[in-house]
$ cat final-v4.cif   # mmCIF, C-alpha atoms and all ligand atoms
data_protein
loop_
_atom_site.label_atom_id
_atom_site.label_comp_id
_atom_site.auth_asym_id
_atom_site.auth_seq_id
_atom_site.Cartn_x
_atom_site.Cartn_y
_atom_site.Cartn_z
CA MET A 1426 13.62 -65.62 -25.87
CA LYS A 1427 13.52 -68.97 -27.64
CA LYS A 1428 12.53 -71.89 -25.40
CA ILE A 1429 15.65 -73.49 -23.92
CA GLN A 1430 16.37 -77.12 -24.80
CA MET A 1431 19.01 -79.43 -23.36
CA VAL A 1432 19.92 -80.12 -27.02
CA ASP A 1433 18.21 -77.95 -29.65
CA LEU A 1434 18.17 -80.19 -32.72
CA LYS A 1435 15.24 -78.31 -34.23
CA SER A 1436 17.05 -74.96 -34.41
CA GLN A 1437 20.15 -76.66 -35.76
CA TYR A 1438 18.10 -78.36 -38.48
CA GLN A 1439 16.45 -75.06 -39.48
CA ASN A 1440 19.91 -73.69 -40.30
CA ILE A 1441 20.91 -76.59 -42.58
CA LYS A 1442 17.44 -77.63 -43.74
CA GLU A 1443 17.91 -77.06 -47.45
CA GLU A 1444 21.11 -79.06 -47.67
CA VAL A 1445 19.85 -81.88 -45.45
CA ASP A 1446 16.51 -82.18 -47.23
CA LYS A 1447 18.25 -82.36 -50.57
CA ALA A 1448 20.68 -85.02 -49.32
CA ILE A 1449 17.79 -87.14 -48.02
CA GLU A 1450 15.80 -86.68 -51.22
CA ASP A 1451 18.78 -87.75 -53.32
CA VAL A 1452 19.03 -91.03 -51.42
CA ILE A 1453 15.30 -91.65 -51.77
CA ASN A 1454 15.43 -90.96 -55.50
CA SER A 1455 18.40 -93.30 -55.89
CA THR A 1456 16.71 -96.01 -53.74
CA ALA A 1457 20.23 -97.04 -52.67
CA PHE A 1458 19.03 -97.29 -49.06
CA ILE A 1459 21.62 -99.83 -47.90
CA ASN A 1460 25.36 -99.37 -48.56
CA GLY A 1461 24.65 -96.66 -51.11
CA PRO A 1462 27.25 -94.20 -52.39
CA ALA A 1463 26.50 -91.81 -49.50
CA VAL A 1464 27.88 -94.37 -47.02
CA LYS A 1465 31.15 -94.78 -48.87
CA GLU A 1466 31.42 -91.02 -49.29
CA PHE A 1467 30.88 -90.46 -45.59
CA GLN A 1468 33.41 -93.13 -44.71
CA GLU A 1469 36.02 -91.36 -46.81
CA ASN A 1470 35.11 -87.92 -45.51
CA LEU A 1471 35.41 -89.10 -41.92
CA GLU A 1472 38.72 -90.87 -42.61
CA LYS A 1473 40.05 -87.59 -43.94
CA TYR A 1474 38.67 -85.54 -41.05
CA LEU A 1475 40.10 -87.87 -38.42
CA GLY A 1476 43.34 -88.68 -40.19
CA ALA A 1477 42.43 -92.33 -39.64
CA LYS A 1478 43.39 -94.99 -42.15
CA HIS A 1479 40.08 -96.81 -41.87
CA VAL A 1480 36.55 -95.89 -40.84
CA ILE A 1481 33.95 -98.65 -40.73
CA PRO A 1482 30.42 -97.28 -40.47
CA CYS A 1483 27.98 -99.32 -38.38
CA ALA A 1484 24.53 -99.13 -36.83
CA ASN A 1485 25.27 -97.41 -33.50
CA GLY A 1486 27.96 -96.75 -30.91
CA THR A 1487 27.13 -99.78 -28.82
CA ASP A 1488 27.61 -102.04 -31.85
CA ALA A 1489 30.87 -100.24 -32.63
CA LEU A 1490 32.21 -101.22 -29.19
CA GLN A 1491 30.99 -104.79 -29.54
CA ILE A 1492 32.46 -105.23 -33.02
CA ALA A 1493 35.80 -103.85 -31.79
CA MET A 1494 35.92 -106.45 -29.02
CA MET A 1495 34.91 -109.24 -31.41
CA ALA A 1496 37.66 -108.23 -33.83
CA LEU A 1497 40.30 -108.37 -31.11
CA ASP A 1498 39.32 -112.00 -30.44
CA LEU A 1499 38.76 -111.41 -26.76
CA GLN A 1500 37.71 -114.67 -25.08
CA PRO A 1501 35.16 -115.36 -22.33
CA GLY A 1502 36.68 -114.52 -18.97
CA ASP A 1503 39.21 -112.05 -20.36
CA GLU A 1504 39.28 -108.95 -18.20
CA VAL A 1505 38.54 -105.58 -19.75
CA ILE A 1506 39.20 -102.51 -17.66
CA THR A 1507 36.89 -99.54 -18.02
CA THR A 1508 35.54 -96.62 -16.04
CA THR A 1509 32.63 -96.89 -13.63
CA PHE A 1510 31.55 -93.33 -14.49
CA THR A 1511 30.14 -93.64 -18.01
CA PHE A 1512 27.07 -94.55 -20.01
CA ILE A 1513 26.11 -98.19 -19.56
CA ALA A 1514 26.88 -99.24 -23.16
CA THR A 1515 30.62 -99.29 -22.46
CA ALA A 1516 30.32 -102.12 -19.93
CA GLU A 1517 27.28 -103.72 -21.51
CA VAL A 1518 29.08 -105.10 -24.54
CA ILE A 1519 31.90 -106.42 -22.35
CA ALA A 1520 29.34 -108.35 -20.32
CA LEU A 1521 27.38 -109.46 -23.40
CA LEU A 1522 30.48 -111.08 -24.91
CA ARG A 1523 31.01 -112.88 -21.58
CA LEU A 1524 34.20 -110.95 -20.96
CA ALA A 1525 34.75 -109.67 -17.43
CA PRO A 1526 34.17 -105.93 -17.01
CA VAL A 1527 36.65 -104.61 -14.46
CA LEU A 1528 35.44 -101.21 -13.34
CA VAL A 1529 37.75 -98.56 -11.94
CA ASP A 1530 37.46 -95.05 -10.51
CA VAL A 1531 37.98 -91.74 -12.32
CA GLU A 1532 40.09 -88.61 -11.86
CA PRO A 1533 38.20 -85.93 -9.92
CA ASP A 1534 39.17 -83.06 -12.23
CA THR A 1535 38.50 -84.55 -15.69
CA PHE A 1536 35.98 -87.29 -14.75
CA ASN A 1537 38.03 -89.61 -16.96
CA ILE A 1538 39.47 -93.02 -16.10
CA SER A 1539 42.21 -92.88 -13.46
CA ILE A 1540 45.61 -94.07 -14.62
CA GLU A 1541 46.59 -95.12 -11.12
CA ALA A 1542 43.36 -97.13 -10.82
CA ILE A 1543 43.96 -98.88 -14.15
CA GLU A 1544 47.44 -99.88 -13.05
CA LYS A 1545 46.13 -101.35 -9.81
CA ALA A 1546 43.42 -103.32 -11.65
CA ILE A 1547 45.73 -105.06 -14.13
CA THR A 1548 46.02 -108.83 -13.59
CA PRO A 1549 47.40 -111.66 -15.76
CA LYS A 1550 43.86 -112.00 -17.19
CA THR A 1551 43.62 -108.37 -18.34
CA LYS A 1552 43.40 -108.10 -22.12
CA ALA A 1553 42.13 -104.61 -22.87
CA ILE A 1554 41.49 -101.12 -21.57
CA VAL A 1555 38.47 -99.10 -22.69
CA PRO A 1556 38.93 -95.43 -21.85
CA VAL A 1557 35.90 -93.19 -22.41
CA HIS A 1558 36.47 -89.60 -23.53
CA LEU A 1559 33.74 -88.44 -21.21
CA PHE A 1560 31.74 -85.29 -21.90
CA GLY A 1561 34.04 -84.46 -24.83
CA GLN A 1562 37.51 -84.47 -23.33
CA CYS A 1563 40.13 -87.14 -23.96
CA ALA A 1564 41.30 -89.46 -21.24
CA ASN A 1565 45.05 -89.37 -20.58
CA MET A 1566 45.87 -91.49 -23.62
CA GLU A 1567 49.63 -91.13 -23.49
CA ALA A 1568 49.71 -92.70 -20.03
CA ILE A 1569 47.14 -95.32 -21.04
CA MET A 1570 49.10 -96.32 -24.16
CA ALA A 1571 52.27 -96.61 -22.07
CA LEU A 1572 50.52 -98.92 -19.60
CA ALA A 1573 49.04 -100.95 -22.46
CA LYS A 1574 52.44 -101.36 -24.05
CA LYS A 1575 54.04 -102.41 -20.78
CA HIS A 1576 51.38 -105.04 -20.10
CA ASN A 1577 50.63 -106.03 -23.71
CA LEU A 1578 47.00 -104.85 -23.67
CA PHE A 1579 44.65 -103.60 -26.38
CA VAL A 1580 43.14 -100.13 -26.13
CA ILE A 1581 39.65 -99.43 -27.46
CA GLU A 1582 38.67 -95.77 -27.20
CA ASP A 1583 35.01 -95.11 -26.48
CA ASN A 1584 34.89 -91.86 -28.42
CA CYS A 1585 31.09 -91.60 -28.52
CA GLN A 1586 31.23 -88.24 -26.71
CA GLY A 1587 34.59 -87.00 -27.93
CA ILE A 1588 34.50 -86.84 -31.71
CA GLY A 1589 36.53 -83.94 -33.05
CA ALA A 1590 38.64 -83.43 -29.92
CA ASP A 1591 42.38 -83.01 -30.44
CA TYR A 1592 44.83 -85.01 -28.35
CA LEU A 1593 48.25 -83.51 -27.72
CA PHE A 1594 51.20 -85.78 -27.03
CA SER A 1595 54.10 -84.51 -24.97
CA ASP A 1596 56.32 -84.54 -28.07
CA GLY A 1597 53.97 -82.04 -29.72
CA ARG A 1598 52.17 -84.54 -31.94
CA LYS A 1599 48.47 -83.69 -32.34
CA VAL A 1600 45.90 -86.30 -33.39
CA LYS A 1601 42.12 -86.67 -33.32
CA SER A 1602 40.48 -88.50 -30.42
CA GLY A 1603 39.67 -92.11 -31.22
CA THR A 1604 42.71 -92.66 -33.47
CA ILE A 1605 45.25 -93.46 -30.74
CA GLY A 1606 44.33 -96.93 -29.47
CA GLU A 1607 44.04 -100.03 -31.68
CA ILE A 1608 40.39 -99.14 -32.28
CA GLY A 1609 38.18 -96.09 -31.71
CA CYS A 1610 34.39 -96.19 -31.55
CA THR A 1611 31.81 -93.48 -32.00
CA SER A 1612 28.06 -92.93 -32.04
CA PHE A 1613 25.96 -90.72 -34.29
CA PHE A 1614 22.96 -90.76 -31.93
CA PRO A 1615 21.09 -87.50 -32.67
CA SER A 1616 22.24 -85.67 -29.54
CA LYS A 1617 25.93 -86.57 -29.95
CA ASN A 1618 28.33 -83.92 -31.25
CA LEU A 1619 28.12 -85.41 -34.74
CA GLY A 1620 24.57 -86.75 -34.70
CA CYS A 1621 22.37 -88.11 -37.47
CA TYR A 1622 18.56 -88.31 -37.51
CA GLY A 1623 18.29 -91.80 -36.12
CA ASP A 1624 20.88 -94.34 -35.01
CA GLY A 1625 24.38 -94.59 -36.41
CA GLY A 1626 27.94 -95.35 -35.42
CA ALA A 1627 31.46 -95.94 -36.69
CA ILE A 1628 34.69 -97.70 -35.83
CA PHE A 1629 38.13 -96.27 -36.61
CA THR A 1630 41.48 -98.00 -36.88
CA ASN A 1631 44.88 -97.57 -38.51
CA ASP A 1632 45.43 -101.34 -38.62
CA ASP A 1633 44.71 -102.93 -42.02
CA ASP A 1634 44.06 -106.43 -40.65
CA LEU A 1635 41.66 -105.22 -37.98
CA ALA A 1636 39.85 -103.05 -40.53
CA TYR A 1637 39.44 -105.99 -42.89
CA LYS A 1638 38.09 -108.14 -40.11
CA MET A 1639 35.67 -105.50 -38.84
CA ARG A 1640 34.31 -104.90 -42.34
CA GLY A 1641 33.52 -108.60 -42.35
CA ILE A 1642 32.01 -108.68 -38.86
CA VAL A 1643 29.57 -105.82 -39.57
CA ASN A 1644 28.32 -107.78 -42.57
CA HIS A 1645 27.58 -111.27 -41.16
CA GLY A 1646 31.24 -112.29 -41.39
CA MET A 1647 30.84 -112.22 -45.17
CA PHE A 1648 33.31 -111.03 -47.80
CA VAL A 1649 32.03 -113.09 -50.73
CA ARG A 1650 28.25 -113.28 -50.91
CA TYR A 1651 26.88 -116.21 -48.85
CA HIS A 1652 30.37 -117.29 -47.79
CA HIS A 1653 30.73 -116.61 -44.06
CA GLU A 1654 34.29 -116.64 -42.75
CA MET A 1655 33.56 -115.69 -39.16
CA VAL A 1656 30.68 -115.08 -36.80
CA GLY A 1657 29.41 -111.61 -37.51
CA VAL A 1658 26.50 -109.30 -36.92
CA ASN A 1659 24.27 -107.11 -39.05
CA SER A 1660 25.33 -103.56 -38.27
CA ARG A 1661 25.02 -100.97 -41.01
CA LEU A 1662 24.77 -97.23 -41.27
CA ASP A 1663 21.71 -96.37 -43.39
CA SER A 1664 22.41 -94.40 -46.58
CA ILE A 1665 19.97 -91.67 -45.51
CA GLN A 1666 21.83 -91.24 -42.21
CA ALA A 1667 25.17 -91.19 -44.05
CA ALA A 1668 23.86 -88.48 -46.38
CA ILE A 1669 22.81 -86.36 -43.39
CA LEU A 1670 26.20 -86.97 -41.75
CA ASN A 1671 27.98 -85.80 -44.91
CA VAL A 1672 26.25 -82.46 -44.49
CA LYS A 1673 26.87 -82.26 -40.75
CA LEU A 1674 30.52 -83.40 -40.80
CA LYS A 1675 31.37 -80.26 -42.79
CA LYS A 1676 29.96 -78.25 -39.89
CA LEU A 1677 31.55 -80.25 -37.08
CA ASP A 1678 34.42 -77.85 -36.37
CA GLU A 1679 32.03 -74.91 -36.43
CA TYR A 1680 29.69 -76.81 -34.07
CA ILE A 1681 32.59 -77.53 -31.71
CA LEU A 1682 33.44 -73.83 -31.63
CA ALA A 1683 29.82 -72.97 -30.82
CA ARG A 1684 29.87 -75.44 -27.91
CA GLN A 1685 33.19 -74.07 -26.65
CA LYS A 1686 31.81 -70.55 -26.85
CA ALA A 1687 28.79 -71.52 -24.74
CA ALA A 1688 31.10 -73.29 -22.28
CA ASN A 1689 33.24 -70.15 -21.99
CA TYR A 1690 30.15 -68.13 -21.22
CA TYR A 1691 29.22 -70.49 -18.40
CA ASN A 1692 32.84 -70.65 -17.15
CA THR A 1693 32.97 -66.89 -16.85
CA ALA A 1694 29.59 -66.68 -15.15
CA PHE A 1695 30.55 -69.25 -12.49
CA ALA A 1696 34.25 -68.40 -12.14
CA ASN A 1697 35.64 -68.69 -8.62
CA HIS A 1698 32.27 -69.46 -7.06
CA PRO A 1699 32.94 -71.36 -3.84
CA LYS A 1700 30.07 -73.82 -4.46
CA ILE A 1701 30.57 -74.41 -8.18
CA LYS A 1702 33.43 -76.24 -9.87
CA THR A 1703 33.52 -75.55 -13.60
CA PRO A 1704 34.92 -78.10 -16.09
CA ILE A 1705 38.68 -78.31 -16.39
CA THR A 1706 40.39 -78.49 -19.77
CA SER A 1707 43.48 -80.66 -19.46
CA SER A 1708 46.84 -79.82 -20.99
CA TYR A 1709 46.72 -82.85 -23.32
CA SER A 1710 43.25 -82.52 -24.83
CA THR A 1711 40.88 -79.97 -26.24
CA HIS A 1712 37.34 -80.12 -24.86
CA VAL A 1713 34.47 -80.45 -27.36
CA PHE A 1714 31.82 -80.15 -24.62
CA HIS A 1715 29.44 -82.94 -25.43
CA GLN A 1716 28.19 -82.03 -21.96
CA TYR A 1717 28.83 -79.01 -19.79
CA THR A 1718 28.98 -80.47 -16.31
CA LEU A 1719 29.44 -78.69 -13.01
CA VAL A 1720 30.38 -80.20 -9.66
CA LEU A 1721 28.40 -78.57 -6.86
CA SER A 1722 29.20 -78.48 -3.17
CA GLY A 1723 26.82 -77.51 -0.40
CA VAL A 1724 23.89 -77.27 -2.83
CA ASP A 1725 20.58 -79.12 -2.51
CA ARG A 1726 20.68 -80.65 -5.98
CA PRO A 1727 17.10 -81.99 -6.14
CA LYS A 1728 15.80 -78.55 -5.07
CA LEU A 1729 18.00 -76.88 -7.66
CA GLN A 1730 16.65 -79.19 -10.37
CA GLU A 1731 13.13 -78.32 -9.30
CA PHE A 1732 13.97 -74.61 -9.34
CA MET A 1733 15.50 -74.74 -12.81
CA THR A 1734 12.63 -76.82 -14.20
CA GLY A 1735 10.24 -74.22 -12.77
CA LYS A 1736 12.10 -71.61 -14.81
CA ASP A 1737 11.74 -73.74 -17.94
CA ILE A 1738 15.43 -74.62 -17.98
CA PRO A 1739 16.17 -78.31 -18.56
CA VAL A 1740 19.07 -79.75 -16.56
CA MET A 1741 20.34 -83.33 -16.42
CA ILE A 1742 22.37 -85.58 -14.14
CA TYR A 1743 25.02 -87.46 -16.10
CA TYR A 1744 25.31 -89.97 -14.48
CA PRO A 1745 23.26 -90.45 -11.33
CA ILE A 1746 24.51 -94.00 -10.59
CA PRO A 1747 28.01 -95.29 -11.39
CA LEU A 1748 28.10 -98.66 -13.13
CA HIS A 1749 29.31 -100.62 -10.08
CA GLN A 1750 26.11 -99.59 -8.30
CA GLN A 1751 23.79 -100.51 -11.19
CA LYS A 1752 21.60 -103.49 -10.40
CA ALA A 1753 22.69 -105.43 -13.50
CA TYR A 1754 26.39 -104.97 -12.68
CA ILE A 1755 26.53 -105.31 -8.91
CA SER A 1756 28.91 -108.14 -8.13
CA GLU A 1757 30.95 -109.50 -5.29
CA ARG A 1758 33.85 -107.70 -6.83
CA TYR A 1759 32.54 -104.30 -5.69
CA LYS A 1760 30.91 -102.66 -2.71
CA ASP A 1761 29.64 -99.16 -2.02
CA GLY A 1762 32.55 -96.87 -1.31
CA ASP A 1763 35.00 -98.67 -3.60
CA PHE A 1764 35.07 -95.82 -6.09
CA PRO A 1765 34.75 -92.69 -3.97
CA VAL A 1766 35.42 -90.20 -6.75
CA ALA A 1767 32.74 -91.58 -9.08
CA GLU A 1768 30.30 -91.92 -6.20
CA HIS A 1769 30.93 -88.33 -5.16
CA LEU A 1770 30.51 -87.09 -8.73
CA SER A 1771 27.25 -89.00 -9.19
CA ALA A 1772 25.86 -87.23 -6.15
CA HIS A 1773 27.15 -83.73 -6.99
CA VAL A 1774 27.26 -83.17 -10.76
CA ILE A 1775 24.74 -81.31 -12.86
CA SER A 1776 24.79 -80.76 -16.63
CA LEU A 1777 23.44 -77.56 -18.15
CA PRO A 1778 21.94 -77.09 -21.62
CA MET A 1779 24.72 -77.53 -24.18
CA HIS A 1780 24.31 -77.43 -27.94
CA THR A 1781 25.32 -75.56 -31.05
CA GLU A 1782 22.53 -72.98 -31.13
CA LEU A 1783 22.64 -71.45 -27.62
CA GLU A 1784 22.14 -67.70 -27.66
CA ASP A 1785 23.74 -65.25 -25.23
CA GLU A 1786 20.31 -64.31 -23.93
CA GLN A 1787 19.62 -67.95 -23.11
CA LEU A 1788 23.06 -68.47 -21.58
CA ALA A 1789 22.57 -65.39 -19.39
CA TYR A 1790 19.16 -66.59 -18.26
CA ILE A 1791 20.47 -70.09 -17.46
CA SER A 1792 23.51 -68.90 -15.51
CA ASN A 1793 21.66 -66.14 -13.67
CA SER A 1794 18.96 -68.58 -12.65
CA LEU A 1795 21.49 -71.10 -11.36
CA LEU A 1796 23.32 -68.39 -9.41
CA GLU A 1797 20.04 -67.02 -8.07
CA PHE A 1798 19.28 -70.41 -6.46
CA ILE A 1799 22.81 -71.09 -5.23
CA ASN A 1800 23.39 -67.60 -3.78
CA ARG A 1801 20.15 -67.29 -1.86
C1 LIG B 1901 26.11 -92.73 -26.60
C2 LIG B 1901 27.18 -93.55 -26.01
C3 LIG B 1901 27.35 -94.91 -26.34
C4 LIG B 1901 26.38 -95.68 -27.18
O1 LIG B 1901 26.04 -95.14 -28.40
P1 LIG B 1901 24.70 -95.60 -29.12
O2 LIG B 1901 24.84 -95.08 -30.51
O3 LIG B 1901 23.56 -94.99 -28.39
O4 LIG B 1901 24.64 -97.09 -29.10
C5 LIG B 1901 28.42 -95.58 -25.79
N1 LIG B 1901 29.28 -94.98 -24.95
C6 LIG B 1901 29.14 -93.69 -24.59
C7 LIG B 1901 30.12 -93.08 -23.66
C8 LIG B 1901 28.08 -92.93 -25.10
O5 LIG B 1901 27.95 -91.65 -24.72
#

$ encode --input "final-v4.cif" --output "C-alpha cells"
Amino acid sequence: MKKIQMVDLKSQYQNIKEEVDKAIEDVINSTAFINGPAVKEFQENLEKYLGAKHVIPCANGTDALQIAMMALDLQPGDEVITTTFTFIATAEVIALLRLAPVLVDVEPDTFNISIEAIEKAITPKTKAIVPVHLFGQCANMEAIMALAKKHNLFVIEDNCQGIGADYLFSDGRKVKSGTIGEIGCTSFFPSKNLGCYGDGGAIFTNDDDLAYKMRGIVNHGMFVRYHHEMVGVNSRLDSIQAAILNVKLKKLDEYILARQKAANYYNTAFANHPKIKTPITSSYSTHVFHQYTLVLSGVDRPKLQEFMTGKDIPVMIYYPIPLHQQKAYISERYKDGDFPVAEHLSAHVISLPMHTELEDEQLAYISNSLLEFINR
C-alpha cells in the first residue's frame, strides 16, 4: 500500500506531470513571469467556471480578504462579524485594517457560522459579515443575504475551502460558492481544493465598480503607470502559478468527485457509530470536502492521534483553538464559554486524510484503524 498522506500532492502531480511541466516550461520560455498571458487566461477560465462576472487574481487568500475589505471602504472601528471557528486569516485582516472583528459561534451540524448568532451580534456599527465555507460546505447564504439586506451590510465570502461547491437557493437557483455576496475570496495554497505550487489567491465579484477598484488595489492603486489613485498593495498571482492552475482547473470537478467518493467511503464505514458523528451535507449546499472532519464523543483524542500516528496514518485537528481563545485575539469582549459549540468542536473534532488520490485500500486501512481504537 502507498504511504498515506494527509494531502498527497506528489501522487496528484504524477498524474498531470506532462501537462504541468509543459505549462511551466512555456512560461519560462516566454519570460512573462509577471502578469503574463497565463494569468489573463486563468482569470477568464475561472470566471467561466464560477459564472462570476469578474475574477481578480492575487497573491494569496489572506490578501484576497484584505483587498475585499479595502475595496468596500470599511473604516477603523467598523464591526465585521465572522465565525470563531475558522483559520486565523479570516479575522487577521479585519484586525490589521483596524476594523473590529466580532466573533460569533457556529452551527453544531455544519460547523458554519450561526445565523442566530449573527443576528444577535449586529449593532449600529456593524458593516459586514464574513461567512466562511468551512471544510468545503457553504454557510447558509440565503439567510445571511437576507440579514445583510435587512441591516444594509456587505457580505464577503471566505471561500478559501469551498471552491467548486454549488449553493442551492430555495427557488431552485444554483450558483457557485463565493459568487453570492458582494465579494468572494479564495486561496490557491497547495493543499486547497484548487491548489497551485506556491502561494496564490483570487477575488470574485459581479459588481463592475468593485472589480475596477480591486484591480487597482492589487496593483498599488495604479491604473495608469506611476499614477496612484488610491492606497493599494502589491498582490499578484505569478504567471507560473496561473499556468499550473489552468491545468488543474480543468480537473477541479473530477477532483471534487474523488474527494466526495472518499468521503462516502468514510461515511459508510462510520455510519451509525454511537461515538462518531460523520459530516452532514446540508440541503442548500454540496460538500467539496476540503476536509473530512468527524466529531467524536467519549474518545480519548490525544491517545487516538498517537494510535493513528503509530499506524502511519496522519490525522489533524482543525482547529484546536477557536479564535476567541487565541492569545492575539483575546479581548474583554469574550470569555471562555461564550461560544460553546465552537469550544466543544475544538475539543472533539478530528480530520482524516482527504485528497484526490486516496485508494480504497488506504481508505479501508484508515477507517479500520480508527474503528479498532474506538471499539476496543
Ligand atoms: C487557507 C485559508 C485562508 C488563507 O489563505 P492563504 O492563501 O494561505 O493566505 C483564509 N481563510 C481560510 C478559511 C483558509 O482556509

$ atom_distance --input "final-v4.cif" --atom1 "CA of Arg1726 in chain A" --atom2 "CA of Phe1798 in chain A"
10.3 Å

$ residues_near_point --input "final-v4.cif" --point "(34.0, -108.9, -17.5)" --cutoff "8 Å" --atoms "only C-alpha atoms" --output "list of chain:residue names"
A:Gly1502, A:Asp1503, A:Glu1504, A:Val1505, A:Ile1519, A:Ala1520, A:Arg1523, A:Leu1524, A:Ala1525, A:Pro1526, A:Val1527

$ closest_residue --input "final-v4.cif" --among "A:Val1658, A:Val1766, A:Leu1471, A:Cys1483" --to "ligand LIG 1901 (chain B)" --atoms "only C-alpha atoms and all ligand atoms"
A:Cys1483

$ residues_near_ligand --input "final-v4.cif" --ligand "ligand LIG 1901 (chain B)" --cutoff "8 Å" --atoms "only C-alpha atoms and all ligand atoms" --output "PDB file with C-alpha atoms, in the frame of the given file"
ATOM      1  CA  ALA A1484      24.530 -99.130 -36.830  1.00  0.00           C
ATOM      2  CA  ASN A1485      25.270 -97.410 -33.500  1.00  0.00           C
ATOM      3  CA  GLY A1486      27.960 -96.750 -30.910  1.00  0.00           C
ATOM      4  CA  THR A1487      27.130 -99.780 -28.820  1.00  0.00           C
ATOM      5  CA  ASP A1488      27.610-102.040 -31.850  1.00  0.00           C
ATOM      6  CA  ALA A1489      30.870-100.240 -32.630  1.00  0.00           C
ATOM      7  CA  LEU A1490      32.210-101.220 -29.190  1.00  0.00           C
ATOM      8  CA  THR A1511      30.140 -93.640 -18.010  1.00  0.00           C
ATOM      9  CA  PHE A1512      27.070 -94.550 -20.010  1.00  0.00           C
ATOM     10  CA  ILE A1513      26.110 -98.190 -19.560  1.00  0.00           C
ATOM     11  CA  ALA A1514      26.880 -99.240 -23.160  1.00  0.00           C
ATOM     12  CA  THR A1515      30.620 -99.290 -22.460  1.00  0.00           C
ATOM     13  CA  VAL A1557      35.900 -93.190 -22.410  1.00  0.00           C
ATOM     14  CA  HIS A1558      36.470 -89.600 -23.530  1.00  0.00           C
ATOM     15  CA  LEU A1559      33.740 -88.440 -21.210  1.00  0.00           C
ATOM     16  CA  PHE A1560      31.740 -85.290 -21.900  1.00  0.00           C
ATOM     17  CA  ASP A1583      35.010 -95.110 -26.480  1.00  0.00           C
ATOM     18  CA  ASN A1584      34.890 -91.860 -28.420  1.00  0.00           C
ATOM     19  CA  CYS A1585      31.090 -91.600 -28.520  1.00  0.00           C
ATOM     20  CA  GLN A1586      31.230 -88.240 -26.710  1.00  0.00           C
ATOM     21  CA  THR A1611      31.810 -93.480 -32.000  1.00  0.00           C
ATOM     22  CA  SER A1612      28.060 -92.930 -32.040  1.00  0.00           C
ATOM     23  CA  PHE A1613      25.960 -90.720 -34.290  1.00  0.00           C
ATOM     24  CA  PHE A1614      22.960 -90.760 -31.930  1.00  0.00           C
ATOM     25  CA  LYS A1617      25.930 -86.570 -29.950  1.00  0.00           C
ATOM     26  CA  ASP A1624      20.880 -94.340 -35.010  1.00  0.00           C
ATOM     27  CA  GLY A1625      24.380 -94.590 -36.410  1.00  0.00           C
ATOM     28  CA  GLY A1626      27.940 -95.350 -35.420  1.00  0.00           C
TER      29      GLY A1626
END

$ closest_residue --input "final-v4.cif" --among "A:Thr1535, A:Asn1577, A:Ser1708, A:Asn1644" --to "Thr1551 in chain A" --atoms "all atoms listed in the file"
A:Asn1577

$ atom_distance --input "final-v4.cif" --atom1 "CA of Lys1601 in chain A" --atom2 "CA of Gly1589 in chain A"
6.2 Å

$ atom_distance --input "final-v4.cif" --atom1 "CA of Pro1482 in chain A" --atom2 "CA of Leu1662 in chain A"
5.7 Å

$ residues_around --input "final-v4.cif" --residues "range 1448-1450 of chain A" --least-positions-apart "2" --cutoff "10 Å" --atoms "only C-alpha atoms" --output "PyMOL selection string"
chain A and resi 1442-1446+1452-1456+1463+1664-1672

$ closest_residue --input "final-v4.cif" --among "A:Pro1615, A:Gly1561, A:Pro1501, A:Gly1606" --to "Lys1435 in chain A" --atoms "only C-alpha atoms"
A:Pro1615

$ residues_near_point --input "final-v4.cif" --point "(42.4, -88.9, -33.2)" --cutoff "9 Å" --atoms "only C-alpha atoms" --output "ChimeraX atom specification"
/A:1475-1477,1588-1592,1599-1605,1609

$ residues_around --input "final-v4.cif" --residues "Glu1786 in chain A" --least-positions-apart "6" --cutoff "12 Å" --atoms "all atoms listed in the file" --output "ChimeraX atom specification"
/A:1426-1429,1687,1690,1792-1793

$ write_last_selection --input "final-v4.cif" --atoms "C-alpha atoms" --output "PDB file, in the coordinates of the input"
ATOM      1  CA  MET A1426      13.620 -65.620 -25.870  1.00  0.00           C
ATOM      2  CA  LYS A1427      13.520 -68.970 -27.640  1.00  0.00           C
ATOM      3  CA  LYS A1428      12.530 -71.890 -25.400  1.00  0.00           C
ATOM      4  CA  ILE A1429      15.650 -73.490 -23.920  1.00  0.00           C
ATOM      5  CA  ALA A1687      28.790 -71.520 -24.740  1.00  0.00           C
ATOM      6  CA  TYR A1690      30.150 -68.130 -21.220  1.00  0.00           C
ATOM      7  CA  SER A1792      23.510 -68.900 -15.510  1.00  0.00           C
ATOM      8  CA  ASN A1793      21.660 -66.140 -13.670  1.00  0.00           C
TER       9      ASN A1793
END

$ closest_residue --input "final-v4.cif" --among "A:Leu1795, A:His1479, A:Met1495, A:Tyr1651" --to "Lys1728 in chain A" --atoms "all atoms listed in the file"
A:Leu1795

$ closest_residue --input "final-v4.cif" --among "A:Leu1522, A:Phe1629, A:Leu1748, A:Gly1461" --to "Lys1473 in chain A" --atoms "only C-alpha atoms"
A:Phe1629

$ closest_residue --input "final-v4.cif" --among "A:Ser1776, A:Asp1763, A:Asn1659, A:Ile1554" --to "Phe1714 in chain A" --atoms "all atoms listed in the file"
A:Ser1776

$ build_atoms --input "final-v4.cif" --residues "range 1566-1570 of chain A" --atoms "N, CA, C and O atoms" --output "compact mmCIF listing (two decimals), keeping the file's coordinate frame"
# COMPACT_ATOMS: atom_id res chain seq x y z
N MET A 1566 45.53 -90.38 -22.72
CA MET A 1566 45.87 -91.49 -23.62
C MET A 1566 47.35 -91.83 -23.63
O MET A 1566 47.72 -92.99 -23.81
N GLU A 1567 48.19 -90.84 -23.45
CA GLU A 1567 49.63 -91.13 -23.49
C GLU A 1567 49.98 -92.09 -22.35
O GLU A 1567 50.70 -93.07 -22.56
N ALA A 1568 49.45 -91.82 -21.18
CA ALA A 1568 49.71 -92.70 -20.03
C ALA A 1568 49.04 -94.06 -20.23
O ALA A 1568 49.61 -95.11 -19.89
N ILE A 1569 47.85 -94.05 -20.82
CA ILE A 1569 47.14 -95.32 -21.04
C ILE A 1569 47.89 -96.18 -22.06
O ILE A 1569 48.06 -97.39 -21.87
N MET A 1570 48.37 -95.56 -23.13
CA MET A 1570 49.10 -96.32 -24.16
C MET A 1570 50.41 -96.88 -23.58
O MET A 1570 50.82 -97.99 -23.94
